[in-house]
file target_10.txt (compact mmCIF, C-alpha atoms (C1' of nucleotides))
# COMPACT_ATOMS: atom_id res chain seq x y z
CA MET A 22 122.48 113.39 100.62
CA PRO A 23 119.49 114.36 98.53
CA GLU A 24 119.32 117.80 97.04
CA TYR A 25 116.30 119.86 96.11
CA ASN A 26 115.41 118.57 92.69
CA ASN A 27 113.50 121.55 91.38
CA ASP A 28 113.22 120.04 87.97
CA THR A 29 109.55 120.85 87.56
CA PHE A 30 107.14 117.97 87.61
CA PHE A 31 108.39 116.34 90.78
CA ASP A 32 108.73 119.59 92.64
CA MET A 33 105.28 120.69 91.55
CA VAL A 34 103.88 117.44 92.87
CA TYR A 35 105.47 118.09 96.23
CA GLN A 36 104.05 121.59 96.33
CA VAL A 37 100.54 120.46 95.49
CA VAL A 38 100.69 117.70 98.07
CA ARG A 39 101.79 120.19 100.70
CA LEU A 40 98.77 122.33 99.78
CA ILE A 41 96.36 119.55 100.64
CA PRO A 42 94.28 120.79 103.61
CA LYS A 43 94.19 118.77 106.79
CA GLY A 44 91.42 116.21 106.80
CA ARG A 45 91.36 116.11 103.03
CA VAL A 46 92.83 113.74 100.48
CA THR A 47 93.49 113.64 96.78
CA SER A 48 94.56 111.17 94.15
CA TYR A 49 97.68 110.71 92.07
CA GLY A 50 95.73 111.18 88.89
CA ALA A 51 94.17 114.42 90.14
CA ILE A 52 97.60 115.87 90.81
CA ALA A 53 98.90 114.67 87.48
CA LYS A 54 95.90 116.14 85.75
CA TYR A 55 96.39 119.43 87.54
CA LEU A 56 99.95 119.48 86.26
CA GLY A 57 98.67 118.81 82.77
CA ALA A 58 99.98 115.26 82.66
CA SER A 59 96.95 113.16 83.40
CA ARG A 60 98.62 110.27 81.66
CA SER A 61 101.67 110.48 83.88
CA SER A 62 99.97 109.55 87.09
CA ARG A 63 102.68 106.97 87.70
CA MET A 64 105.23 109.74 87.94
CA VAL A 65 103.28 111.17 90.86
CA GLY A 66 103.84 107.90 92.63
CA TRP A 67 107.50 108.06 91.79
CA ALA A 68 107.59 111.60 93.11
CA MET A 69 106.18 110.36 96.38
CA ASN A 70 108.82 107.70 96.48
CA ASN A 71 111.47 110.34 96.03
CA ALA A 72 109.62 112.61 98.47
CA HIS A 73 110.59 110.18 101.17
CA THR A 74 114.16 111.38 100.75
CA LEU A 75 113.27 115.07 100.88
CA GLN A 76 114.07 117.14 103.91
CA ASP A 77 110.79 119.02 103.82
CA PRO A 78 107.82 117.00 105.03
CA VAL A 79 105.43 115.83 102.34
CA PRO A 80 102.00 114.61 103.51
CA ALA A 81 102.03 111.66 101.16
CA HIS A 82 99.48 109.95 103.37
CA ARG A 83 96.91 112.37 101.98
CA VAL A 84 97.52 111.04 98.52
CA VAL A 85 95.75 107.86 97.50
CA ASN A 86 94.72 106.20 94.30
CA ARG A 87 91.56 106.83 92.32
CA ASN A 88 89.66 104.26 94.39
CA GLY A 89 90.53 105.95 97.67
CA LEU A 90 92.61 102.95 98.53
CA LEU A 91 95.77 103.30 100.58
CA THR A 92 97.98 101.76 97.95
CA GLY A 93 101.09 103.43 99.32
CA LYS A 94 100.64 102.39 102.91
CA ALA A 95 103.35 99.78 102.48
CA HIS A 96 105.87 102.56 102.02
CA PHE A 97 105.26 104.13 105.39
CA GLY A 98 107.18 101.50 107.27
CA ALA A 99 104.40 100.42 109.56
CA PRO A 100 101.32 98.75 108.03
CA ASP A 101 98.99 101.10 109.87
CA ALA A 102 101.15 104.22 109.76
CA MET A 103 99.27 105.78 106.87
CA LYS A 104 95.91 104.81 108.29
CA ASN A 105 96.90 106.20 111.66
CA LEU A 106 97.90 109.54 110.17
CA LEU A 107 94.65 109.80 108.24
CA GLU A 108 92.47 108.92 111.20
CA LYS A 109 94.44 111.41 113.22
CA GLU A 110 93.20 114.08 110.83
CA GLY A 111 89.62 112.95 111.12
CA ILE A 112 89.58 110.72 108.06
CA SER A 113 87.89 107.38 108.52
CA VAL A 114 89.75 104.43 107.08
CA LYS A 115 88.44 100.89 106.86
CA GLU A 116 90.40 98.02 105.36
CA ASP A 117 92.86 100.45 103.73
CA GLN A 118 89.83 102.10 102.15
CA ILE A 119 89.02 105.74 102.88
CA LEU A 120 85.40 106.19 103.91
CA ASP A 121 83.52 109.12 102.40
CA PHE A 122 86.43 109.44 100.02
CA LYS A 123 84.24 111.25 97.54
CA LYS A 124 83.30 113.63 100.32
CA ILE A 125 86.75 114.58 101.55
CA PHE A 126 88.31 114.38 98.14
CA TRP A 127 90.36 117.49 97.45
CA ASP A 128 90.60 118.24 93.77
CA PRO A 129 93.42 120.70 92.98
CA THR A 130 91.89 121.41 89.59
CA GLU A 131 88.85 122.81 91.36
CA GLU A 132 90.17 124.05 94.67
CA LEU A 133 93.19 125.63 93.05
CA GLU A 134 92.94 127.73 89.95
CA ILE A 135 95.50 127.55 87.22
CA THR A 136 97.16 130.93 87.16
C1' DC B 29 123.47 101.31 77.37
C1' DG B 30 119.15 98.07 77.20
C1' DA B 31 115.57 95.96 80.01
C1' DT B 32 112.66 96.06 84.02
C1' DT B 33 109.99 98.19 87.49
C1' DG B 34 106.91 101.46 89.87
C1' DA B 35 102.72 104.90 95.75
C1' DC B 36 98.29 104.97 88.60
C1' DG B 37 94.85 105.60 85.22
C1' DT B 38 92.49 105.01 80.95
C1' DA B 39 91.23 102.28 77.00
C1' DC B 40 89.77 98.21 74.97
C1' DG B 41 87.76 93.41 74.56
C1' DT C 5 81.05 94.22 84.87
C1' DC C 6 85.57 92.16 85.02
C1' DG C 7 90.18 91.29 83.17
C1' DT C 8 93.99 92.57 80.26
C1' DA C 9 96.88 95.87 77.66
C1' DC C 10 99.13 100.09 77.15
C1' DG C 11 101.01 104.77 78.13
C1' DC C 12 103.77 107.93 80.74
C1' DC C 13 108.80 109.14 82.51
C1' DA C 14 112.36 108.40 85.71
C1' DA C 15 115.24 105.42 88.47
C1' DT C 16 117.29 101.06 89.21
C1' DC C 17 119.27 96.56 87.83
call {"tool": "encode", "arguments": {"input": "target_10.txt", "output": "structure tokens"}}
result
Amino acid sequence: MPEYNNDTFFDMVYQVVRLIPKGRVTSYGAIAKYLGASRSSRMVGWAMNNAHTLQDPVPAHRVVNRNGLLTGKAHFGAPDAMKNLLEKEGISVKEDQILDFKKIFWDPTEELEIT
DNA sequence: CGATTGACGTACG
DNA sequence: TCGTACGCCAATC
């Protein structure tokens, strides 16, 4: 059974992802950059992978790559699970590509201030 | 314990 | 503009 790995980076990723407002999305790199590890964007993806095992829900469907492409949709079980969740929040998705991505993009480095 | 992989992104040619 | 190479760190093989 998975425990709460409050190491730092991973847990911070989970927290930021949970802070993503409904109907908004962000990118792995944006989160990594917010954490001060812009070059560790891959770890954000790994965090999401581990997030699947967490007890607390993590809206990983609101996290996409820099292109606004649903690269992680394959990890949701169903091919359209991620797309369904996004559209359910009012986000338009076409061919695994988020429409108006630039518009609904939620940048933690701007929306959230580093305390 | 060494090599490979992974939900990415940037740099370089 | 497109394709390839590398970095980053942890988990898995």
call {"tool": "atom_distance", "arguments": {"input": "target_10.txt", "atom1": "CA of Phe97 (chain A)", "atom2": "CA of Pro80 (chain A)"}}
result
11.1 Å
call {"tool": "atom_distance", "arguments": {"input": "target_10.txt", "atom1": "CA of Gly93 (chain A)", "atom2": "C1' of DC40 (chain B)"}}
result
27.4 Å
call {"tool": "interface_residues", "arguments": {"input": "target_10.txt", "of": "chain A", "to": "chain B", "cutoff": "6 Å", "atoms": "all atoms listed in the file", "output": "list in words"}}
result
Ser62, Arg63, Gly66 and Gly93 of chain A
call {"tool": "residues_around", "arguments": {"input": "target_10.txt", "residues": "region 99-103 of chain A", "least_positions_apart": "5", "cutoff": "9 Å", "atoms": "all atoms listed in the file", "output": "list of chain:residue names"}}
result
A:Ala81, A:His82, A:Arg83, A:Leu91, A:Gly93, A:Lys94, A:Glu108, A:Asp117
call {"tool": "atom_distance", "arguments": {"input": "target_10.txt", "atom1": "CA of Ala68 (chain A)", "atom2": "CA of Phe31 (chain A)"}}
result
5.3 Å
call {"tool": "interface_residues", "arguments": {"input": "target_10.txt", "of": "chain A", "to": "chain C", "cutoff": "7 Å", "atoms": "all atoms listed in the file", "output": "list in words"}}
result
Arg60, Ser61 and Met64 of chain A
call {"tool": "residues_near_point", "arguments": {"input": "target_10.txt", "point": "(101.6, 120.9, 101.3)", "cutoff": "12 Å", "atoms": "only C-alpha atoms (C1' of nucleotides)", "output": "list in words"}}
result
Asp32, Met33, Val34, Tyr35, Gln36, Val37, Val38, Arg39, Leu40, Ile41, Pro42, Lys43, Arg45, Val46, Thr47, Ala72, Asp77, Pro78, Val79, Pro80, Ala81, His82, Arg83, Val84 and Pro129 of chain A
call {"tool": "build_atoms", "arguments": {"input": "target_10.txt", "residues": "region 38-53 of chain A", "atoms": "N, CA, C and O atoms", "output": "compact mmCIF listing (two decimals), in the coordinates of the input"}}
result
# COMPACT_ATOMS: atom_id res chain seq x y z
N VAL A 38 100.97 118.59 96.94
CA VAL A 38 100.69 117.70 98.07
C VAL A 38 100.74 118.47 99.38
O VAL A 38 99.93 118.24 100.27
N ARG A 39 101.68 119.39 99.48
CA ARG A 39 101.79 120.19 100.70
C ARG A 39 100.59 121.13 100.84
O ARG A 39 100.28 121.57 101.95
N LEU A 40 99.93 121.43 99.75
CA LEU A 40 98.77 122.33 99.78
C LEU A 40 97.49 121.61 100.17
O LEU A 40 96.46 122.24 100.39
N ILE A 41 97.56 120.30 100.27
CA ILE A 41 96.36 119.55 100.64
C ILE A 41 95.98 119.89 102.08
O ILE A 41 96.77 119.72 102.99
N PRO A 42 94.76 120.40 102.27
CA PRO A 42 94.28 120.79 103.61
C PRO A 42 94.20 119.58 104.53
O PRO A 42 94.04 118.45 104.08
N LYS A 43 94.29 119.84 105.81
CA LYS A 43 94.19 118.77 106.79
C LYS A 43 92.78 118.18 106.77
O LYS A 43 91.80 118.90 106.69
N GLY A 44 92.72 116.89 106.82
CA GLY A 44 91.42 116.21 106.80
C GLY A 44 90.90 116.00 105.38
O GLY A 44 89.77 115.60 105.18
N ARG A 45 91.73 116.29 104.43
CA ARG A 45 91.36 116.11 103.03
C ARG A 45 92.36 115.21 102.33
O ARG A 45 93.49 115.08 102.78
N VAL A 46 91.94 114.61 101.24
CA VAL A 46 92.83 113.74 100.48
C VAL A 46 92.65 113.97 98.99
O VAL A 46 91.65 114.54 98.56
N THR A 47 93.59 113.53 98.23
CA THR A 47 93.49 113.64 96.78
C THR A 47 94.08 112.39 96.14
O THR A 47 94.55 111.50 96.82
N SER A 48 94.07 112.36 94.84
CA SER A 48 94.56 111.17 94.15
C SER A 48 95.75 111.52 93.26
O SER A 48 95.96 112.68 92.91
N TYR A 49 96.51 110.53 92.92
CA TYR A 49 97.68 110.71 92.07
C TYR A 49 97.25 111.30 90.72
O TYR A 49 97.89 112.22 90.21
N GLY A 50 96.21 110.74 90.19
CA GLY A 50 95.73 111.18 88.89
C GLY A 50 95.28 112.63 88.92
O GLY A 50 95.48 113.37 87.95
N ALA A 51 94.66 113.04 90.02
CA ALA A 51 94.17 114.42 90.14
C ALA A 51 95.34 115.39 90.10
O ALA A 51 95.28 116.42 89.44
N ILE A 52 96.40 115.03 90.79
CA ILE A 52 97.60 115.87 90.81
C ILE A 52 98.22 115.91 89.42
O ILE A 52 98.57 116.98 88.91
N ALA A 53 98.32 114.75 88.82
CA ALA A 53 98.90 114.67 87.48
C ALA A 53 98.08 115.50 86.49
O ALA A 53 98.63 116.23 85.67
